[in-house]
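Reproduced below: my_file-v2.cif, with mmCIF, C-alpha atoms and all ligand atoms.
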data_start
#
loop_
_atom_site.label_atom_id
_atom_site.label_comp_id
_atom_site.auth_asym_id
_atom_site.auth_seq_id
_atom_site.Cartn_x
_atom_site.Cartn_y
_atom_site.Cartn_z
CA MET Q 18 36.05 82.44 -42.57
CA ARG Q 19 32.52 83.61 -43.34
CA GLU Q 20 31.91 80.55 -45.54
CA ALA Q 21 33.21 78.35 -42.71
CA ASP Q 22 30.89 80.04 -40.16
CA TYR Q 23 34.00 81.19 -38.25
CA ASN Q 24 34.51 77.58 -37.21
CA LEU Q 25 38.08 76.49 -38.01
CA PHE Q 26 37.07 72.83 -38.21
CA LYS Q 27 35.34 73.75 -41.48
CA ILE Q 28 38.37 75.40 -43.14
CA PRO Q 29 39.74 73.22 -45.98
CA SER Q 30 43.21 72.02 -44.98
CA GLU Q 31 44.75 73.36 -48.20
CA LYS Q 32 43.84 76.81 -46.94
CA VAL Q 33 45.84 76.28 -43.73
CA THR Q 34 49.52 77.30 -43.57
CA ILE Q 35 50.46 75.83 -40.18
CA ASP Q 36 48.02 73.32 -38.72
CA PHE Q 37 48.06 73.26 -34.93
CA LEU Q 38 44.42 72.19 -34.64
CA THR Q 39 45.43 68.90 -33.07
CA ASP Q 40 48.31 66.49 -32.59
CA SER Q 41 45.83 63.63 -33.02
CA GLY Q 42 46.47 61.48 -36.08
CA THR Q 43 48.42 64.30 -37.74
CA SER Q 44 51.98 63.12 -37.18
CA ALA Q 45 54.36 62.09 -39.94
CA LEU Q 46 55.15 58.39 -40.17
CA SER Q 47 58.74 57.19 -39.98
CA GLN Q 48 60.40 55.25 -42.81
CA GLU Q 49 60.20 52.15 -40.62
CA GLN Q 50 56.45 52.62 -40.22
CA TRP Q 51 55.99 53.03 -43.98
CA SER Q 52 57.99 49.87 -44.63
CA GLN Q 53 55.93 47.92 -42.07
CA ILE Q 54 52.75 49.19 -43.79
CA MET Q 55 53.93 47.30 -46.91
CA LEU Q 56 53.66 44.10 -44.87
CA GLY Q 57 50.01 44.78 -43.99
CA ASP Q 58 48.02 41.54 -43.89
CA GLU Q 59 44.40 42.34 -44.64
CA SER Q 60 42.95 38.93 -43.72
CA TYR Q 61 39.66 39.44 -41.92
CA ALA Q 62 40.49 37.41 -38.83
CA SER Q 63 43.74 36.70 -36.96
CA ALA Q 64 45.93 38.42 -39.53
CA LYS Q 65 49.71 38.58 -39.11
CA SER Q 66 49.32 42.35 -38.69
CA TRP Q 67 47.04 41.71 -35.71
CA GLU Q 68 49.63 39.38 -34.17
CA ARG Q 69 52.30 42.07 -34.50
CA PHE Q 70 49.91 44.72 -33.16
CA GLU Q 71 48.85 42.59 -30.18
CA ALA Q 72 52.46 41.72 -29.33
CA ALA Q 73 53.52 45.39 -29.53
CA VAL Q 74 50.62 46.53 -27.32
CA LYS Q 75 51.38 43.79 -24.76
CA ASN Q 76 55.00 44.85 -24.70
CA PHE Q 77 54.14 48.56 -24.43
CA THR Q 78 51.52 48.17 -21.68
CA GLY Q 79 52.52 44.98 -19.87
CA LYS Q 80 48.83 43.96 -19.88
CA LYS Q 81 47.62 40.53 -20.93
CA GLU Q 82 44.34 41.24 -22.74
CA VAL Q 83 44.28 43.53 -25.79
CA ILE Q 84 41.07 44.68 -27.46
CA PRO Q 85 41.43 46.83 -30.61
CA VAL Q 86 39.23 49.83 -31.49
CA HIS Q 87 39.27 52.29 -34.40
CA GLN Q 88 40.05 55.32 -32.16
CA GLY Q 89 39.98 56.48 -28.54
CA ARG Q 90 36.34 57.49 -28.22
CA ALA Q 91 35.21 54.04 -29.37
CA ALA Q 92 36.98 52.64 -26.30
CA GLU Q 93 35.31 55.28 -24.13
CA LYS Q 94 31.88 54.29 -25.44
CA ILE Q 95 32.48 50.58 -24.85
CA ILE Q 96 34.00 51.12 -21.39
CA ALA Q 97 31.08 53.37 -20.38
CA GLU Q 98 28.53 50.83 -21.56
CA ILE Q 99 30.18 47.86 -19.84
CA LEU Q 100 31.45 49.39 -16.61
CA LEU Q 101 29.19 52.36 -15.83
CA GLN Q 102 25.50 52.83 -15.20
CA LYS Q 103 23.05 55.71 -15.00
CA GLY Q 104 23.49 57.48 -11.67
CA ASN Q 105 27.16 56.52 -11.26
CA MET Q 106 29.85 59.09 -10.55
CA SER Q 107 33.34 59.24 -11.96
CA PHE Q 108 36.26 61.44 -10.87
CA SER Q 109 39.27 62.57 -12.87
CA ASN Q 110 42.24 64.93 -13.03
CA GLY Q 111 40.50 66.12 -16.21
CA PHE Q 112 38.02 64.33 -18.46
CA PHE Q 113 38.74 64.94 -22.12
CA ASP Q 114 35.67 66.24 -24.03
CA THR Q 115 34.88 62.92 -25.76
CA THR Q 116 35.39 60.97 -22.52
CA ARG Q 117 33.01 63.25 -20.66
CA ALA Q 118 30.47 63.15 -23.52
CA ASN Q 119 30.52 59.34 -23.68
CA PHE Q 120 30.24 58.94 -19.90
CA GLU Q 121 27.48 61.55 -19.62
CA HIS Q 122 25.65 59.87 -22.49
CA GLN Q 123 25.55 56.80 -20.24
CA GLY Q 124 23.99 58.92 -17.44
CA VAL Q 125 27.22 59.24 -15.43
CA THR Q 126 28.17 62.38 -13.49
CA CYS Q 127 31.77 63.37 -14.28
CA ILE Q 128 33.69 65.50 -11.80
CA ASP Q 129 37.06 67.07 -12.58
CA ILE Q 130 39.31 67.44 -9.55
CA PRO Q 131 42.60 68.77 -10.90
CA SER Q 132 45.33 69.60 -8.41
CA GLU Q 133 45.20 73.10 -6.93
CA LYS Q 134 48.68 73.63 -8.41
CA SER Q 135 47.00 73.98 -11.81
CA PHE Q 136 44.67 76.84 -10.83
CA ASN Q 137 47.24 79.58 -11.32
CA LEU Q 138 48.05 79.30 -15.01
CA SER Q 139 51.16 81.46 -15.05
CA ILE Q 140 53.08 79.96 -12.11
CA PRO Q 141 55.24 77.07 -13.34
CA ARG Q 142 54.86 74.05 -11.06
CA LEU Q 143 55.86 70.48 -11.74
CA PHE Q 144 53.09 67.94 -12.39
CA LYS Q 145 50.16 70.30 -12.76
CA GLY Q 146 48.32 67.32 -14.27
CA ASP Q 147 47.99 65.64 -10.86
CA ILE Q 148 44.59 64.79 -9.42
CA ASP Q 149 43.66 66.43 -6.10
CA ALA Q 150 44.03 63.36 -3.88
CA LYS Q 151 42.51 65.06 -0.84
CA LYS Q 152 39.35 65.99 -2.73
CA LEU Q 153 39.24 62.53 -4.29
CA LYS Q 154 39.24 60.97 -0.84
CA GLN Q 155 36.41 63.26 0.31
CA LEU Q 156 34.32 62.65 -2.80
CA ILE Q 157 34.70 58.88 -2.48
CA ILE Q 158 33.42 59.05 1.12
CA ARG Q 159 30.65 61.56 0.33
CA HIS Q 160 29.32 59.64 -2.68
CA LYS Q 161 29.96 56.13 -1.48
CA LYS Q 162 26.95 54.66 -3.27
CA GLN Q 163 27.31 56.44 -6.62
CA ALA Q 164 31.11 56.50 -6.94
CA LYS Q 165 32.25 53.98 -9.54
CA MET Q 166 35.40 55.01 -11.37
CA VAL Q 167 38.53 57.11 -11.03
CA LEU Q 168 40.08 58.06 -14.36
CA MET Q 169 43.52 59.58 -14.89
CA THR Q 170 44.13 61.32 -18.20
CA LEU Q 171 47.86 61.15 -18.96
CA THR Q 172 48.83 63.83 -19.83
CA ASN Q 173 45.91 66.07 -18.93
CA ASN Q 174 44.90 67.47 -22.32
CA THR Q 175 42.18 69.85 -21.11
CA GLY Q 176 44.47 71.06 -18.30
CA GLY Q 177 47.33 72.27 -20.47
CA GLY Q 178 48.88 68.95 -21.53
CA GLN Q 179 50.42 68.81 -18.07
CA PRO Q 180 51.76 65.49 -16.76
CA ALA Q 181 50.80 63.72 -13.52
CA SER Q 182 53.55 62.39 -11.27
CA PHE Q 183 53.99 58.65 -10.77
CA LYS Q 184 53.44 59.21 -7.06
CA ASN Q 185 50.10 60.89 -7.71
CA VAL Q 186 48.85 58.21 -10.13
CA GLU Q 187 49.85 55.56 -7.57
CA LEU Q 188 48.04 57.40 -4.79
CA ALA Q 189 44.87 57.78 -6.87
CA SER Q 190 45.04 54.11 -7.82
CA ASN Q 191 45.39 53.06 -4.16
CA LEU Q 192 42.46 55.26 -3.11
CA ALA Q 193 40.29 53.82 -5.87
CA ARG Q 194 41.18 50.23 -5.11
CA LYS Q 195 40.62 50.64 -1.37
CA ALA Q 196 37.12 51.92 -2.10
CA ASN Q 197 36.47 49.18 -4.67
CA LEU Q 198 36.32 51.64 -7.55
CA ILE Q 199 37.58 50.95 -11.04
CA PHE Q 200 40.87 52.72 -11.78
CA THR Q 201 41.14 53.66 -15.45
CA ILE Q 202 43.96 55.31 -17.39
CA ASP Q 203 43.35 57.32 -20.55
CA ALA Q 204 46.80 56.57 -21.92
CA CYS Q 205 46.86 58.42 -25.23
CA ARG Q 206 49.89 60.53 -24.22
CA ILE Q 207 51.37 58.20 -21.62
CA ALA Q 208 54.85 58.23 -23.22
CA GLU Q 209 55.03 62.02 -22.98
CA ASN Q 210 53.79 61.79 -19.39
CA ALA Q 211 56.40 59.13 -18.60
CA TYR Q 212 59.12 61.36 -20.06
CA PHE Q 213 58.28 64.09 -17.54
CA VAL Q 214 58.26 61.50 -14.71
CA TRP Q 215 61.63 60.17 -15.88
CA LEU Q 216 63.06 63.70 -16.14
CA ASN Q 217 61.69 65.32 -12.98
CA GLU Q 218 60.76 62.51 -10.60
CA GLN Q 219 63.33 59.87 -11.45
CA LYS Q 220 66.11 62.33 -12.37
CA ARG Q 221 66.78 60.52 -15.67
CA LYS Q 222 67.25 57.15 -13.96
CA GLY Q 223 65.80 53.95 -15.38
CA ASN Q 224 64.09 53.10 -18.62
CA ILE Q 225 61.07 54.94 -20.03
CA GLY Q 226 59.51 51.75 -21.44
CA VAL Q 227 59.61 50.16 -17.98
CA LEU Q 228 58.13 53.29 -16.45
CA ILE Q 229 55.23 53.23 -18.93
CA ARG Q 230 54.48 49.61 -17.95
CA LYS Q 231 54.62 50.58 -14.27
CA LEU Q 232 52.03 53.30 -14.91
CA PHE Q 233 49.78 50.85 -16.77
CA SER Q 234 50.16 48.34 -13.92
CA LEU Q 235 48.37 50.77 -11.60
CA SER Q 236 45.18 50.53 -13.69
CA ASP Q 237 42.36 47.98 -13.78
CA ILE Q 238 41.67 49.00 -17.34
CA ALA Q 239 43.37 51.43 -19.70
CA TYR Q 240 42.68 52.65 -23.20
CA MET Q 241 44.69 54.54 -25.74
CA SER Q 242 43.97 56.51 -28.86
CA THR Q 243 47.05 55.56 -30.89
CA LYS Q 244 46.57 58.74 -32.93
CA LYS Q 245 48.74 60.42 -30.30
CA ASP Q 246 51.61 58.48 -28.70
CA GLY Q 247 50.97 55.54 -31.03
CA LEU Q 248 52.67 57.84 -33.58
CA ALA Q 249 50.00 56.74 -36.05
CA ASN Q 250 47.20 58.35 -38.01
CA SER Q 251 44.45 56.17 -36.58
CA GLY Q 252 43.54 53.40 -34.18
CA GLY Q 253 43.37 52.54 -30.54
CA PHE Q 254 43.01 49.78 -27.98
CA MET Q 255 41.77 48.79 -24.54
CA VAL Q 256 43.89 46.67 -22.18
CA THR Q 257 43.28 44.84 -18.92
CA ASN Q 258 44.48 41.78 -17.05
CA ASP Q 259 40.90 40.78 -16.21
CA ARG Q 260 39.86 38.00 -18.60
CA LEU Q 261 36.17 38.19 -17.76
CA LEU Q 262 36.09 41.94 -18.32
CA ALA Q 263 38.00 41.50 -21.58
CA ALA Q 264 35.39 39.01 -22.80
CA LYS Q 265 32.62 41.55 -22.15
CA LEU Q 266 34.56 44.32 -23.89
CA ARG Q 267 35.08 42.03 -26.89
CA GLU Q 268 31.32 41.43 -27.22
CA LEU Q 269 30.66 45.12 -27.76
CA THR Q 270 33.75 45.48 -29.93
CA VAL Q 271 32.28 42.98 -32.40
CA LEU Q 272 29.00 44.87 -32.32
CA TYR Q 273 30.38 48.38 -32.81
CA GLU Q 274 33.91 48.15 -34.19
CA GLY Q 275 34.55 44.97 -36.15
CA PHE Q 276 36.05 41.59 -35.37
CA VAL Q 277 38.20 41.40 -32.23
CA THR Q 278 41.43 41.06 -34.22
CA TYR Q 279 41.07 44.37 -36.04
CA GLY Q 280 38.49 46.57 -34.24
CA GLY Q 281 37.88 48.82 -37.22
CA MET Q 282 41.53 49.11 -38.25
CA THR Q 283 43.14 47.84 -41.43
CA GLY Q 284 46.14 45.51 -41.25
CA ARG Q 285 48.29 48.36 -42.58
CA GLU Q 286 47.17 50.64 -39.78
CA MET Q 287 47.92 48.01 -37.15
CA GLU Q 288 51.43 47.67 -38.61
CA ALA Q 289 52.03 51.43 -38.35
CA ILE Q 290 50.85 51.45 -34.73
CA ALA Q 291 52.89 48.38 -33.75
CA GLN Q 292 56.02 50.11 -35.06
CA GLY Q 293 55.01 53.49 -33.57
CA LEU Q 294 54.67 52.02 -30.08
CA LYS Q 295 58.28 50.83 -30.36
CA GLU Q 296 59.57 54.23 -31.51
CA VAL Q 297 57.69 56.37 -29.01
CA VAL Q 298 59.61 55.06 -25.98
CA SER Q 299 62.94 56.32 -27.36
CA PRO Q 300 64.40 58.97 -25.02
CA THR Q 301 65.94 60.75 -28.04
CA TYR Q 302 62.57 61.02 -29.76
CA LEU Q 303 60.80 62.13 -26.57
CA GLU Q 304 63.46 64.69 -25.73
CA HIS Q 305 63.13 66.22 -29.20
CA ARG Q 306 59.36 66.20 -28.96
CA ILE Q 307 59.09 67.83 -25.54
CA ASN Q 308 61.84 70.35 -26.34
CA GLN Q 309 60.13 71.37 -29.58
CA VAL Q 310 56.98 72.22 -27.63
CA ALA Q 311 59.12 74.03 -25.04
CA TYR Q 312 60.85 76.05 -27.78
CA LEU Q 313 57.57 77.51 -29.07
CA HIS Q 314 56.47 78.08 -25.46
CA ASN Q 315 59.64 80.03 -24.62
CA GLU Q 316 59.54 82.15 -27.77
CA LEU Q 317 55.89 83.11 -27.16
CA ALA Q 318 56.58 83.86 -23.49
CA LYS Q 319 59.46 86.14 -24.55
CA ILE Q 320 57.10 88.38 -26.58
CA GLY Q 321 54.64 88.57 -23.68
CA ILE Q 322 51.95 86.09 -24.69
CA PRO Q 323 50.18 84.84 -21.52
CA LEU Q 324 50.54 81.05 -21.37
CA ILE Q 325 50.03 78.07 -19.12
CA HIS Q 326 53.39 77.49 -17.43
CA PRO Q 327 55.39 75.31 -17.59
CA SER Q 328 55.21 74.06 -21.15
CA GLY Q 329 53.37 70.74 -21.47
CA GLY Q 330 53.72 67.58 -23.50
CA HIS Q 331 52.00 68.09 -26.83
CA ALA Q 332 50.88 71.68 -27.06
CA VAL Q 333 51.29 75.27 -25.99
CA TYR Q 334 48.22 76.70 -24.26
CA VAL Q 335 47.55 80.42 -24.56
CA ASP Q 336 45.52 82.21 -21.90
CA ALA Q 337 43.21 83.91 -24.39
CA GLY Q 338 41.01 85.33 -21.62
CA LYS Q 339 44.01 87.37 -20.50
CA LEU Q 340 45.38 88.20 -23.95
CA PHE Q 341 41.97 89.36 -25.21
CA SER Q 342 40.79 90.74 -21.89
CA HIS Q 343 38.71 93.32 -23.79
CA ILE Q 344 36.39 90.49 -24.90
CA PRO Q 345 33.96 89.20 -22.23
CA LYS Q 346 33.86 85.46 -21.47
CA ASP Q 347 30.35 85.18 -22.96
CA ASN Q 348 31.72 86.37 -26.30
CA PHE Q 349 34.35 83.63 -26.56
CA PRO Q 350 37.75 85.41 -26.38
CA GLY Q 351 39.42 82.07 -27.21
CA GLN Q 352 37.55 81.79 -30.48
CA ALA Q 353 38.43 85.41 -31.25
CA LEU Q 354 42.12 84.49 -30.89
CA VAL Q 355 41.71 81.36 -33.02
CA VAL Q 356 40.18 83.51 -35.77
CA ALA Q 357 42.87 86.19 -35.36
CA LEU Q 358 45.69 83.66 -35.79
CA TYR Q 359 44.08 82.31 -38.92
CA LYS Q 360 43.42 85.75 -40.35
CA GLU Q 361 46.93 87.04 -39.68
CA GLY Q 362 48.83 84.03 -40.96
CA GLY Q 363 46.77 80.93 -41.78
CA VAL Q 364 47.61 79.34 -38.43
CA ARG Q 365 44.90 76.91 -37.31
CA SER Q 366 44.47 76.34 -33.57
CA VAL Q 367 41.60 75.32 -31.30
CA GLU Q 368 39.60 76.99 -28.55
CA ILE Q 369 39.44 75.13 -25.23
CA GLY Q 370 37.11 77.25 -23.16
CA SER Q 371 33.47 78.35 -23.07
CA LEU Q 372 32.86 77.38 -26.68
CA MET Q 373 34.05 73.82 -26.08
CA TYR Q 374 32.69 73.37 -22.56
CA GLY Q 375 29.73 75.75 -22.30
CA LYS Q 376 29.33 78.04 -19.33
CA THR Q 377 32.15 77.12 -17.03
CA LEU Q 378 34.58 78.61 -14.56
CA LYS Q 379 37.44 77.16 -16.57
CA PRO Q 380 39.98 79.52 -18.19
CA GLU Q 381 39.56 80.61 -21.79
CA LEU Q 382 42.40 78.78 -23.52
CA VAL Q 383 43.64 78.38 -27.06
CA ARG Q 384 45.66 75.25 -27.75
CA LEU Q 385 48.48 75.13 -30.27
CA ALA Q 386 48.91 71.37 -30.63
CA ILE Q 387 52.08 70.38 -32.42
CA PRO Q 388 51.91 67.28 -34.64
CA ARG Q 389 54.78 64.88 -33.97
CA ARG Q 390 57.80 64.79 -36.29
CA THR Q 391 56.09 67.15 -38.74
CA TYR Q 392 57.25 70.76 -38.31
CA ALA Q 393 60.71 72.29 -38.19
CA GLN Q 394 61.94 75.17 -36.05
CA SER Q 395 61.39 77.71 -38.87
CA HIS Q 396 57.67 76.83 -38.87
CA LEU Q 397 57.55 77.58 -35.15
CA ASP Q 398 59.38 80.89 -35.73
CA TYR Q 399 56.75 81.79 -38.34
CA VAL Q 400 54.00 81.20 -35.76
CA VAL Q 401 55.78 83.53 -33.32
CA GLU Q 402 55.80 86.24 -36.04
CA ILE Q 403 52.05 85.79 -36.49
CA PHE Q 404 51.52 86.20 -32.75
CA LYS Q 405 53.45 89.50 -32.95
CA LYS Q 406 50.96 90.69 -35.60
CA VAL Q 407 48.02 89.62 -33.41
CA LEU Q 408 49.51 91.61 -30.53
CA GLN Q 409 49.83 94.69 -32.76
CA ASN Q 410 46.23 94.47 -33.99
CA LYS Q 411 44.78 93.11 -30.74
CA LYS Q 412 42.13 95.78 -30.18
CA GLN Q 413 40.55 95.28 -33.60
CA TYR Q 414 39.47 91.73 -32.71
CA ARG Q 415 35.98 91.29 -31.33
CA GLY Q 416 34.00 88.46 -29.81
CA PHE Q 417 31.50 86.04 -31.32
CA LYS Q 418 28.00 84.77 -30.85
CA ILE Q 419 26.71 81.30 -31.67
CA ILE Q 420 23.98 81.27 -34.30
CA TRP Q 421 23.54 77.45 -34.47
CA GLN Q 422 24.77 74.56 -32.34
CA PRO Q 423 24.20 70.79 -32.05
CA SER Q 424 23.11 69.16 -28.77
CA THR Q 425 26.56 67.78 -27.89
CA LEU Q 426 30.26 68.55 -28.63
CA ARG Q 427 29.17 71.83 -30.17
CA HIS Q 428 32.61 73.21 -30.99
CA PHE Q 429 33.08 70.77 -33.88
CA THR Q 430 30.13 71.96 -35.95
CA CYS Q 431 28.59 75.11 -34.45
CA LYS Q 432 28.11 78.24 -36.54
CA LEU Q 433 29.37 81.59 -35.28
CA GLU Q 434 29.01 85.23 -36.19
CA PRO Q 435 31.36 88.09 -35.21
CA LEU Q 436 29.88 90.74 -32.94
C1 LIG M 501 43.03 62.85 -23.63
C2 LIG M 501 42.23 62.30 -24.77
N1 LIG M 501 41.42 61.25 -24.57
C3 LIG M 501 40.69 60.73 -25.57
C4 LIG M 501 40.74 61.25 -26.84
C5 LIG M 501 39.88 60.66 -27.91
O1 LIG M 501 40.61 59.99 -28.87
P1 LIG M 501 40.13 59.89 -30.40
O2 LIG M 501 40.25 61.25 -31.00
O3 LIG M 501 41.06 58.90 -31.01
O4 LIG M 501 38.72 59.41 -30.40
C6 LIG M 501 41.58 62.34 -27.09
C7 LIG M 501 41.64 62.91 -28.45
O5 LIG M 501 42.15 63.98 -28.71
C8 LIG M 501 42.35 62.87 -26.04
O6 LIG M 501 43.18 63.92 -26.22
#
Would you write out, as structure tokens, the structure that this file holds?
Amino acid sequence: MREADYNLFKIPSEKVTIDFLTDSGTSALSQEQWSQIMLGDESYASAKSWERFEAAVKNFTGKKEVIPVHQGRAAEKIIAEILLQKGNMSFSNGFFDTTRANFEHQGVTCIDIPSEKSFNLSIPRLFKGDIDAKKLKQLIIRHKKQAKMVLMTLTNNTGGGQPASFKNVELASNLARKANLIFTIDACRIAENAYFVWLNEQKRKGNIGVLIRKLFSLSDIAYMSTKKDGLANSGGFMVTNDRLLAAKLRELTVLYEGFVTYGGMTGREMEAIAQGLKEVVSPTYLEHRINQVAYLHNELAKIGIPLIHPSGGHAVYVDAGKLFSHIPKDNFPGQALVVALYKEGGVRSVEIGSLMYGKTLKPELVRLAIPRRTYAQSHLDYVVEIFKKVLQNKKQYRGFKIIWQPSTLRHFTCKLEPL
């Protein structure tokens, strides 16, 4: 830990027992994906793998124009550069850190307006990932000149991996369109979000694939890091029905990413994603996925770990501020828990709190993100045992101070020292 400056991003993976750092690009590929990879066509332009990728994305999203990128943040950078300008404002249920960083880099003010339901972490309410539609309406009126984009992150990663309801996404889309604002969906976990809609809003009626397309249809533009619900280790795309906008997006794609039929991805990667997008809509897969997260959530709740309730789509979020209430906010209680979990049992997790976001009123969370189709129940049971040890030794853990940090996205590379 000392050699890694108490920053878990710097721990060699071979020194990690259970890796819950992220669910992004860490999932296991299916045998069908591996066999498709063998068909990878690495032609520079208009490869067969591109054709299969484009067809799969069109089928998954229902959108007509597909622009490939190497991962989600590349789409964010291109979208910010094409659609936003210095002085603009953008509103969201919760901007993910890279989305916020890319938009702010463009001079845009980003305002999170999560639903009030999400403010009390421990009370389980359905669709805590909703946007506060009332506040959205007010902000659109108040900032008529600067307001430019409404962005829904599905599911809301920074807000506990909580889903938004279809009704709420539709309402936000209508409000945006009425005010002539661009309505964008960050779709990296849209299948998990759609599962919750199917389960709780549609009472298991209808088809999840159709529901996903209905969600996409509410957007003017959407993008997806396929490292999540693409069930792949890399990649991403932007989609729209607007041909003129697509042409502009393609110009920057060539500049930053590669030719418009690969966008920084290999043919093999596009094959894995094309297959992954077919597999991710399976209700059996999604049920297993969501229930695996719920299992860890329930077991941790049983031993008294304070959590965001209910359990979300891709991760369990621990209220580290409450668990390590002896550590003040300024001393990063979340990072103290991340270090404790690693020390007690080689479990790698990530802080989502003051270290990631700077001085903020947000809760001090630790995210245990579960890679898809990778761990078995016994691995989850092991993690619960490690939490029991942390509980026993709780008082011995102290806070941290930052001794070096970069100018942006500091949590990835900053150096820390225990107090
Ligand atoms: C909600 C959300 N949006 C965007 C991104 C960025 O995607 P990528 O890591 O592929 O750049 C992530 C990554 O974790 C995410 O969770």
Task: segment 28-30 of chain Q surroundings by all atoms listed in the file, 12 Å radius, close-in-sequence under 5 positions cut, as a PyMOL selection string - done: chain Q and resi 18-23+35-38+43+356+359-360+363-366+429-430
Mind dumping the selected residues with C-alpha atoms as a PDB file, in the coordinates of the input?
ATOM      1  CA  MET Q  18      36.050  82.440 -42.570  1.00  0.00           C
ATOM      2  CA  ARG Q  19      32.520  83.610 -43.340  1.00  0.00           C
ATOM      3  CA  GLU Q  20      31.910  80.550 -45.540  1.00  0.00           C
ATOM      4  CA  ALA Q  21      33.210  78.350 -42.710  1.00  0.00           C
ATOM      5  CA  ASP Q  22      30.890  80.040 -40.160  1.00  0.00           C
ATOM      6  CA  TYR Q  23      34.000  81.190 -38.250  1.00  0.00           C
ATOM      7  CA  ILE Q  35      50.460  75.830 -40.180  1.00  0.00           C
ATOM      8  CA  ASP Q  36      48.020  73.320 -38.720  1.00  0.00           C
ATOM      9  CA  PHE Q  37      48.060  73.260 -34.930  1.00  0.00           C
ATOM     10  CA  LEU Q  38      44.420  72.190 -34.640  1.00  0.00           C
ATOM     11  CA  THR Q  43      48.420  64.300 -37.740  1.00  0.00           C
ATOM     12  CA  VAL Q 356      40.180  83.510 -35.770  1.00  0.00           C
ATOM     13  CA  TYR Q 359      44.080  82.310 -38.920  1.00  0.00           C
ATOM     14  CA  LYS Q 360      43.420  85.750 -40.350  1.00  0.00           C
ATOM     15  CA  GLY Q 363      46.770  80.930 -41.780  1.00  0.00           C
ATOM     16  CA  VAL Q 364      47.610  79.340 -38.430  1.00  0.00           C
ATOM     17  CA  ARG Q 365      44.900  76.910 -37.310  1.00  0.00           C
ATOM     18  CA  SER Q 366      44.470  76.340 -33.570  1.00  0.00           C
ATOM     19  CA  PHE Q 429      33.080  70.770 -33.880  1.00  0.00           C
ATOM     20  CA  THR Q 430      30.130  71.960 -35.950  1.00  0.00           C
TER      21      THR Q 430
END
Could you make a table, as CSV, of the residues of segment 285-339 of chain Q that have an atom within 8 Å of an atom of segment 225-238 of chain Q, each with its nearest atom pair and distance in Å to one decimal, counting all atoms listed in the file, in chain and number order?
residue,atom,partner,partner_atom,distance
Q:Val298,CA,Q:Gly226,CA,5.6
Q:Ser299,CA,Q:Ile225,CA,7.7
Q:Pro300,CA,Q:Ile225,CA,7.2
Task: Long-range neighbours of Ala73 of chain Q as a count of residues only, 9 Å cut-off, all atoms listed in the file, 2 positions minimum in chain - done: 13
Task: For segment 185-199 of chain Q: contacts at 10 Å, only C-alpha atoms, fewer than 3 positions along chain excluded, given as a ChimeraX atom specification - done: /Q:100-101,107-110,132,144,146-151,153-154,157-158,161,164-171,181-182,202,231-238
Could the residues of chain Q that have an atom at most 9 Å from ligand LIG 501 (chain M) be listed as CSV, each with its closest atom pair and the distance in Å to one decimal, counting only C-alpha atoms and all ligand atoms and ordered by chain and ascending residue number?
residue,atom,partner,partner_atom,distance
Q:Thr39,CA,M:LIG501,O5,7.3
Q:Asp40,CA,M:LIG501,O5,7.7
Q:Ser41,CA,M:LIG501,O5,5.7
Q:Gly42,CA,M:LIG501,O3,7.9
Q:His87,CA,M:LIG501,O3,7.6
Q:Gln88,CA,M:LIG501,O3,3.9
Q:Gly89,CA,M:LIG501,O1,3.6
Q:Arg90,CA,M:LIG501,O4,3.8
Q:Ala91,CA,M:LIG501,O4,6.5
Q:Ala92,CA,M:LIG501,O4,8.1
Q:Glu93,CA,M:LIG501,C3,7.8
Q:Gly111,CA,M:LIG501,C1,8.5
Q:Phe112,CA,M:LIG501,C1,7.3
Q:Phe113,CA,M:LIG501,C1,5.0
Q:Asp114,CA,M:LIG501,C3,7.6
Q:Thr115,CA,M:LIG501,C5,5.9
Q:Thr116,CA,M:LIG501,C3,6.1
Q:Thr170,CA,M:LIG501,C1,5.7
Q:Leu171,CA,M:LIG501,C1,6.9
Q:Thr172,CA,M:LIG501,C1,7.0
Q:Asn173,CA,M:LIG501,C1,6.4
Q:Asn174,CA,M:LIG501,C1,5.2
Q:Thr175,CA,M:LIG501,C1,7.5
Q:Gly178,CA,M:LIG501,C1,8.7
Q:Asp203,CA,M:LIG501,N1,5.9
Q:Ala204,CA,M:LIG501,C1,7.5
Q:Cys205,CA,M:LIG501,C2,6.1
Q:Arg206,CA,M:LIG501,C1,7.3
Q:Tyr240,CA,M:LIG501,C3,8.7
Q:Met241,CA,M:LIG501,C3,7.4
Q:Ser242,CA,M:LIG501,O3,4.3
Q:Thr243,CA,M:LIG501,O3,6.9
Q:Lys244,CA,M:LIG501,O3,5.8
Q:Lys245,CA,M:LIG501,O5,7.7
Q:Ser251,CA,M:LIG501,O3,7.1
Q:Gly252,CA,M:LIG501,O3,6.8
Q:Gly253,CA,M:LIG501,O3,6.8
Task: Q:Ala289, Q:Leu382, Q:Leu408, Q:Ile419 ranked by distance to Glu49 of chain Q, top pick (using only C-alpha atoms) - done: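 Closest candidate: Q:Ala289.
Between atom CA of Phe183 of chain Q and atom CA of Asp336 of chain Q the separation is 27.4 Å.
What separates atom CA of His343 of chain Q from atom CA of Asn137 of chain Q is a distance of 20.4 Å.
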Task: Point-to-point distance in Å for atom CA of Val383 of chain Q and atom CA of Pro350 of chain Q - done: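 Interatomic distance here is 9.2 Å.
The residue that comes closest to Phe213 of chain Q, out of Q:Thr425, Q:Ser60, Q:Thr34, Q:Asn308 and on the basis of all atoms listed in the file, is Q:Asn308.
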- [ ] Extract, using all atoms listed in the file, all DNA, RNA and protein residues at most 10 Å from Tyr273 of chain Q, discarding same-chain residues fewer than 2 positions from it, and format them as a count of residues only.
- [x] 14
